[in-house]
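J.: Please find one structure pasted underneath; my questions will follow.
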Amino acid sequence: MINTIPLMVIPFILYNLAMLGLMGGGGIPSLQHDVIVLSMLSGAIWSMALGDLFIVVALVVLFFEILKATRNGSGNLINHMLSMLVFIAFLVEFLLVQDAATQVFFILMTIALIDVIGGFAVSIRSANRDVSIGL
């Protein structure tokens with residue numbers, strides 16, 4: 001049952017928590033707060049803002065979603081439908097909520113779209129292999 005929950009809901013929830021003020025000042029300025037600041041060997045200062053961290057989390061989640069798409073099982077179709085609903089939630093929020101009209105949210109929404117398209121493509125491809133082996 002837990003395998004059917006789309007993992008892309010994690011970046012969606014994290015972004016909305018940041019907009020509500022639970023991760024700093026709240027609103028769009030909270031995306032610019034530095035989470036990690038490192039001094040490099042070259043002498044440069046490397047920093048990662050909260051919004052950048054959300055994108056990294058979404059990319060890691062996308063990797064695991066693609067791995068989940070390679071499994072064949074009864075919950076796979078439900079996972080694809082729920083992933084589509086997560087993408088639709090991203091799209092509706094992007095179009096209707098003022099704080100969601102940011103580059104970070106757009107990139108998160110694009111990653112959710114890639115999750116949906118990639119999940120369907122990988123599932124169809126792996127299903128074709130299962131059918132061809134049986135012949």
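Each chain in the structure tokens gets a letter, A, B and so on, in the order shown; residues start at 1 in every chain, and ligands are counted from 1 in the order they appear.
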I'd like the contact shell of A:Leu50 - 9 Å cut-off, only C-alpha atoms, skipping same-chain residues fewer than 4 positions apart - returned as a PyMOL selection string.

T.: chain A and resi 18+23+30-36+54-55

J.: Quick one: write out the picked residues with C-alpha atoms as a PDB file, in the first residue's frame?

T.:
```pdb
ATOM      1  CA  ALA A  18       7.815  26.821   3.280  1.00  0.00           C
ATOM      2  CA  MET A  23      10.660  26.827   7.242  1.00  0.00           C
ATOM      3  CA  SER A  30      12.128  31.897   2.493  1.00  0.00           C
ATOM      4  CA  LEU A  31      13.252  30.146  -0.709  1.00  0.00           C
ATOM      5  CA  GLN A  32      16.328  32.388  -0.778  1.00  0.00           C
ATOM      6  CA  HIS A  33      17.534  31.507   2.741  1.00  0.00           C
ATOM      7  CA  ASP A  34      20.859  29.700   2.619  1.00  0.00           C
ATOM      8  CA  VAL A  35      20.662  26.183   4.006  1.00  0.00           C
ATOM      9  CA  ILE A  36      24.238  25.099   3.266  1.00  0.00           C
ATOM     10  CA  PHE A  54      13.830  21.422  -2.823  1.00  0.00           C
ATOM     11  CA  ILE A  55      14.928  20.840  -6.424  1.00  0.00           C
TER      12      ILE A  55
END
```

J.: Could you give me, as an NGL selection string, the residues within 9 Å of stretch 110-125 of chain A, counting only C-alpha atoms and dropping anything in the same chain fewer than 3 positions from it?

T.: :A and (8 or 55 or 58-59 or 62-63 or 65-72 or 76 or 80-81 or 83-84 or 86-87 or 90 or 105-107 or 128-130)

J.: Based on the selection just made, write C-alpha atoms of those residues as an mmCIF file, in the first residue's frame.

T.:
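Output (again.cif):
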```
data_model
loop_
_atom_site.group_PDB
_atom_site.id
_atom_site.type_symbol
_atom_site.label_atom_id
_atom_site.label_comp_id
_atom_site.auth_asym_id
_atom_site.auth_seq_id
_atom_site.Cartn_x
_atom_site.Cartn_y
_atom_site.Cartn_z
ATOM 1 C CA MET A 8 6.657 13.518 -5.663
ATOM 2 C CA ILE A 55 14.928 20.840 -6.424
ATOM 3 C CA ALA A 58 12.751 16.352 -6.129
ATOM 4 C CA LEU A 59 15.478 14.944 -8.396
ATOM 5 C CA LEU A 62 12.354 11.259 -9.328
ATOM 6 C CA PHE A 63 15.116 8.656 -9.373
ATOM 7 C CA GLU A 65 9.960 6.973 -8.779
ATOM 8 C CA ILE A 66 11.553 5.736 -12.001
ATOM 9 C CA LEU A 67 12.883 2.715 -10.106
ATOM 10 C CA LYS A 68 9.384 2.050 -8.765
ATOM 11 C CA ALA A 69 8.012 2.197 -12.317
ATOM 12 C CA THR A 70 10.122 -0.792 -13.332
ATOM 13 C CA ARG A 71 8.182 -3.078 -10.995
ATOM 14 C CA ASN A 72 5.203 -4.960 -12.297
ATOM 15 C CA ASN A 76 1.593 0.159 -10.342
ATOM 16 C CA HIS A 80 0.613 6.189 -12.025
ATOM 17 C CA MET A 81 -2.844 7.635 -11.454
ATOM 18 C CA SER A 83 1.369 10.617 -9.788
ATOM 19 C CA MET A 84 -0.866 12.221 -12.419
ATOM 20 C CA VAL A 86 0.165 15.140 -7.979
ATOM 21 C CA PHE A 87 1.155 16.747 -11.287
ATOM 22 C CA PHE A 90 1.248 21.186 -9.062
ATOM 23 C CA PHE A 105 7.891 25.691 -8.222
ATOM 24 C CA PHE A 106 7.916 25.589 -12.028
ATOM 25 C CA ILE A 107 10.971 23.300 -11.967
ATOM 26 C CA ASN A 128 6.415 -5.335 -23.453
ATOM 27 C CA ARG A 129 9.439 -7.298 -22.252
ATOM 28 C CA ASP A 130 7.296 -9.499 -20.014
#
```

J.: Write down as a ChimeraX atom specification the residues of stretch 3-134 of chain A whose backbone DSSP state falls under strand (DSSP E or B).

T.: /A:34-39,45-49

J.: I need the chosen residues saved as a PDB file, in the first residue's frame, with N, CA and C atoms.

T.:
```
ATOM      1  N   ASP A  34      19.803  30.693   2.814  1.00  0.00           N
ATOM      2  CA  ASP A  34      20.859  29.700   2.619  1.00  0.00           C
ATOM      3  C   ASP A  34      20.718  28.581   3.641  1.00  0.00           C
ATOM      4  N   VAL A  35      20.739  27.356   3.143  1.00  0.00           N
ATOM      5  CA  VAL A  35      20.662  26.183   4.006  1.00  0.00           C
ATOM      6  C   VAL A  35      22.056  25.633   4.248  1.00  0.00           C
ATOM      7  N   ILE A  36      22.867  25.616   3.191  1.00  0.00           N
ATOM      8  CA  ILE A  36      24.238  25.099   3.266  1.00  0.00           C
ATOM      9  C   ILE A  36      25.169  26.160   2.694  1.00  0.00           C
ATOM     10  N   VAL A  37      26.233  26.467   3.430  1.00  0.00           N
ATOM     11  CA  VAL A  37      27.270  27.377   2.947  1.00  0.00           C
ATOM     12  C   VAL A  37      28.607  26.700   3.206  1.00  0.00           C
ATOM     13  N   LEU A  38      29.356  26.460   2.136  1.00  0.00           N
ATOM     14  CA  LEU A  38      30.647  25.787   2.241  1.00  0.00           C
ATOM     15  C   LEU A  38      31.740  26.631   1.618  1.00  0.00           C
ATOM     16  N   SER A  39      32.901  26.567   2.225  1.00  0.00           N
ATOM     17  CA  SER A  39      34.078  27.221   1.665  1.00  0.00           C
ATOM     18  C   SER A  39      34.830  26.178   0.841  1.00  0.00           C
ATOM     19  N   ILE A  45      33.014  30.653  -2.207  1.00  0.00           N
ATOM     20  CA  ILE A  45      31.977  30.284  -1.246  1.00  0.00           C
ATOM     21  C   ILE A  45      30.822  29.675  -2.028  1.00  0.00           C
ATOM     22  N   TRP A  46      30.446  28.449  -1.675  1.00  0.00           N
ATOM     23  CA  TRP A  46      29.328  27.762  -2.320  1.00  0.00           C
ATOM     24  C   TRP A  46      28.169  27.719  -1.345  1.00  0.00           C
ATOM     25  N   SER A  47      27.024  28.145  -1.826  1.00  0.00           N
ATOM     26  CA  SER A  47      25.854  28.134  -0.951  1.00  0.00           C
ATOM     27  C   SER A  47      24.673  27.497  -1.684  1.00  0.00           C
ATOM     28  N   MET A  48      23.816  26.858  -0.897  1.00  0.00           N
ATOM     29  CA  MET A  48      22.607  26.259  -1.441  1.00  0.00           C
ATOM     30  C   MET A  48      21.429  26.837  -0.683  1.00  0.00           C
ATOM     31  N   ALA A  49      20.517  27.450  -1.440  1.00  0.00           N
ATOM     32  CA  ALA A  49      19.328  28.039  -0.840  1.00  0.00           C
ATOM     33  C   ALA A  49      18.272  26.959  -0.628  1.00  0.00           C
TER      34      ALA A  49
END
```

J.: Have a look at A:Leu91, A:Ile28, A:Leu77, A:Val61 and name the one nearest to A:Tyr15; count only C-alpha atoms.

T.: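 Result for the nearest residue to A:Tyr15: A:Ile28.
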
J.: Measure the distance from atom CA of A:Ala100 to atom CA of A:Leu7 in Å and round it to one decimal.

T.: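 Going from atom CA of A:Ala100 over to atom CA of A:Leu7, I get 19.5 Å.
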
J.: So how many Å separate atom CA of A:Val104 and atom CA of A:Asn3, to one decimal?

T.: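 One can read the atom CA of A:Val104 to atom CA of A:Asn3 distance as 26.7 Å.
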
J.: Among stretch 42-112 of chain A, which residues carry a DSSP assignment of helix (DSSP H, G or I), reported as a PyMOL selection string?

T.: chain A and resi 50-69+75-96+98-100+103-112

J.: Rank A:Leu108, A:Gly75, A:Ala101, A:Pro29 by their smallest atom-to-atom distance to A:Pro11, using only C-alpha atoms, and report the top residue only.

T.: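 Nearest to A:Pro11: A:Leu108.
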